[in-house]
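So this one's data_29.pdb, PDB, C-alpha atoms:
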ATOM      1  CA  MET V   1     -39.897  18.663 -56.721
ATOM      2  CA  GLY V   2     -38.396  15.162 -56.399
ATOM      3  CA  SER V   3     -40.297  13.849 -59.412
ATOM      4  CA  LEU V   4     -39.255  16.853 -61.512
ATOM      5  CA  LEU V   5     -35.503  16.363 -60.986
ATOM      6  CA  PRO V   6     -35.044  13.440 -63.477
ATOM      7  CA  LEU V   7     -36.825  15.435 -66.191
ATOM      8  CA  VAL V   8     -34.576  18.444 -65.580
ATOM      9  CA  ILE V   9     -31.485  16.212 -65.764
ATOM     10  CA  VAL V  10     -32.604  14.646 -69.071
ATOM     11  CA  VAL V  11     -33.467  18.022 -70.611
ATOM     12  CA  GLY V  12     -30.159  19.495 -69.392
ATOM     13  CA  ALA V  13     -28.186  16.606 -70.878
ATOM     14  CA  LEU V  14     -30.050  17.007 -74.169
ATOM     15  CA  VAL V  15     -29.251  20.733 -74.252
ATOM     16  CA  VAL V  16     -25.566  20.029 -73.583
ATOM     17  CA  VAL V  17     -25.381  17.395 -76.340
ATOM     18  CA  LEU V  18     -27.141  19.641 -78.848
ATOM     19  CA  GLY V  19     -24.823  22.504 -77.924
ATOM     20  CA  LEU V  20     -21.785  20.294 -78.540
ATOM     21  CA  PHE V  21     -23.177  19.218 -81.904
ATOM     22  CA  ALA V  22     -23.769  22.860 -82.854
ATOM     23  CA  ALA V  23     -20.190  23.743 -81.887
ATOM     24  CA  LEU V  24     -18.879  20.783 -83.882
ATOM     25  CA  ALA V  25     -20.943  21.816 -86.921
ATOM     26  CA  GLY V  26     -19.530  25.345 -86.741
ATOM     27  CA  HIS V  27     -15.995  24.000 -86.506
ATOM     28  CA  VAL V  28     -16.477  21.678 -89.477
ATOM     29  CA  ARG V  29     -18.000  24.478 -91.585
ATOM     30  CA  ARG V  30     -15.079  26.778 -90.839
ATOM     31  CA  ARG V  31     -12.489  24.149 -91.752
ATOM     32  CA  GLY V  32     -14.414  22.763 -94.710
ATOM     33  CA  THR V  33     -13.830  19.106 -93.819
ATOM     34  CA  ALA V  34     -17.414  17.845 -94.014
ATOM     35  CA  GLY V  35     -17.644  17.344 -97.762
ATOM     36  CA  GLY V  36     -15.012  14.650 -98.106
ATOM     37  CA  ALA V  37     -16.205  12.648 -95.135
ATOM     38  CA  LEU V  38     -19.827  12.703 -96.218
ATOM     39  CA  ARG V  39     -18.888  11.846 -99.792
ATOM     40  CA  GLY V  40     -16.802   8.892 -98.608
ATOM     41  CA  ALA V  41     -19.543   7.588 -96.325
ATOM     42  CA  LEU V  42     -22.127   7.734 -99.103
ATOM     43  CA  ALA V  43     -19.731   6.072-101.545
ATOM     44  CA  ALA V  44     -19.201   3.191 -99.094
ATOM     45  CA  HIS V  45     -22.965   2.820 -98.665
ATOM     46  CA  ASP V  46     -23.525   2.828-102.416
ATOM     47  CA  GLU V  47     -20.764   0.286-102.949
ATOM     48  CA  ALA V  48     -22.342  -2.067-100.425
ATOM     49  CA  PHE V  49     -25.992  -1.735-101.445
ATOM     50  CA  HIS V  50     -26.158  -0.155-104.916
ATOM     51  CA  GLY V  51     -23.593  -1.545-107.333
ATOM     52  CA  THR V  52     -24.484   0.669-110.276
ATOM     53  CA  ALA V  53     -24.365   3.803-108.110
ATOM     54  CA  ALA V  54     -20.850   2.875-106.987
ATOM     55  CA  ASP V  55     -19.786   2.386-110.606
ATOM     56  CA  SER V  56     -21.194   5.803-111.484
ATOM     57  CA  TYR V  57     -19.404   7.401-108.521
ATOM     58  CA  HIS V  58     -16.060   5.938-109.569
ATOM     59  CA  GLY V  59     -16.638   7.005-113.169
ATOM     60  CA  ILE V  60     -17.350  10.576-112.088
ATOM     61  CA  GLN V  61     -14.220  10.602-109.901
ATOM     62  CA  VAL V  62     -12.110   9.477-112.876
ATOM     63  CA  GLN V  63     -13.616  12.242-115.014
ATOM     64  CA  THR V  64     -12.889  14.932-112.426
ATOM     65  CA  ASP V  65      -9.298  13.742-111.960
ATOM     66  CA  ARG V  66      -8.633  13.667-115.688
ATOM     67  CA  ARG V  67      -6.704  16.597-117.055
ATOM     68  CA  THR V  68      -8.145  18.576-119.928
ATOM     69  CA  PRO V  69      -6.232  18.140-123.179
ATOM     70  CA  LEU V  70      -4.303  21.033-124.594
ATOM     71  CA  PRO V  71      -5.953  22.764-127.538
ATOM     72  CA  ASP V  72      -4.928  21.420-130.915
ATOM     73  CA  ASP V  73      -3.341  23.771-133.472
ATOM     74  CA  ARG V  74      -5.686  22.504-136.179
ATOM     75  CA  TRP V  75      -8.609  24.370-134.658
ATOM     76  CA  LYS V  76      -7.044  27.838-134.679
ATOM     77  CA  ARG V  77      -8.599  30.340-137.030
ATOM     78  CA  GLY V  78      -6.371  32.150-139.397
ATOM     79  CA  PRO V  79      -4.950  31.964-142.890
ATOM     80  CA  ARG V  80      -4.399  28.474-144.199
ATOM     81  CA  SER V  81      -1.045  27.474-145.521
ATOM     82  CA  GLY V  82      -0.898  27.626-149.323
ATOM     83  CA  ARG V  83      -3.851  30.028-149.569
ATOM     84  CA  ARG V  84      -3.542  33.556-150.848
ATOM     85  CA  ALA V  85      -4.584  36.439-148.671
TER
END
Would you encode the structure as structure tokens?
Amino acid sequence: MGSLLPLVIVVGALVVVLGLFAALAGHVRRRGTAGGALRGALAAHDEAFHGTAADSYHGIQVQTDRRTPLPDDRWKRGPRSGRRA
């Protein structure tokens, strides 16, 4: 029984740590805060090790932040000015 006690302690600690990670994962999923953190961590990694990937990431961020232009009146269908109906 004395030689089994360290194994039980290690397995118990592993179960506790995995349980805490599962609770943390549930909390993050409910709040929806995982996406931004993961995206930021991967962007920092790409900036350090993959220069072209970082440039692509920043280009995509600029495109998503850009507002869409308002529709132009030239493209509306309808009668043209100066044309008979």
For Ala54 in chain V, work out the shell of residues within 7 Å, counting only C-alpha atoms and skipping chain neighbours fewer than 5 positions away, then give it as a PyMOL selection string. chain V and resi 43+46-47
Report the distance between CA of His27 in chain V and CA of Tyr57 in chain V in Å, rounded to one decimal place.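 Here the two named atoms are 27.8 Å from each other.
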As a check of understanding: the span from CA of Ala41 in chain V to CA of Asp65 in chain V is 19.7 Å
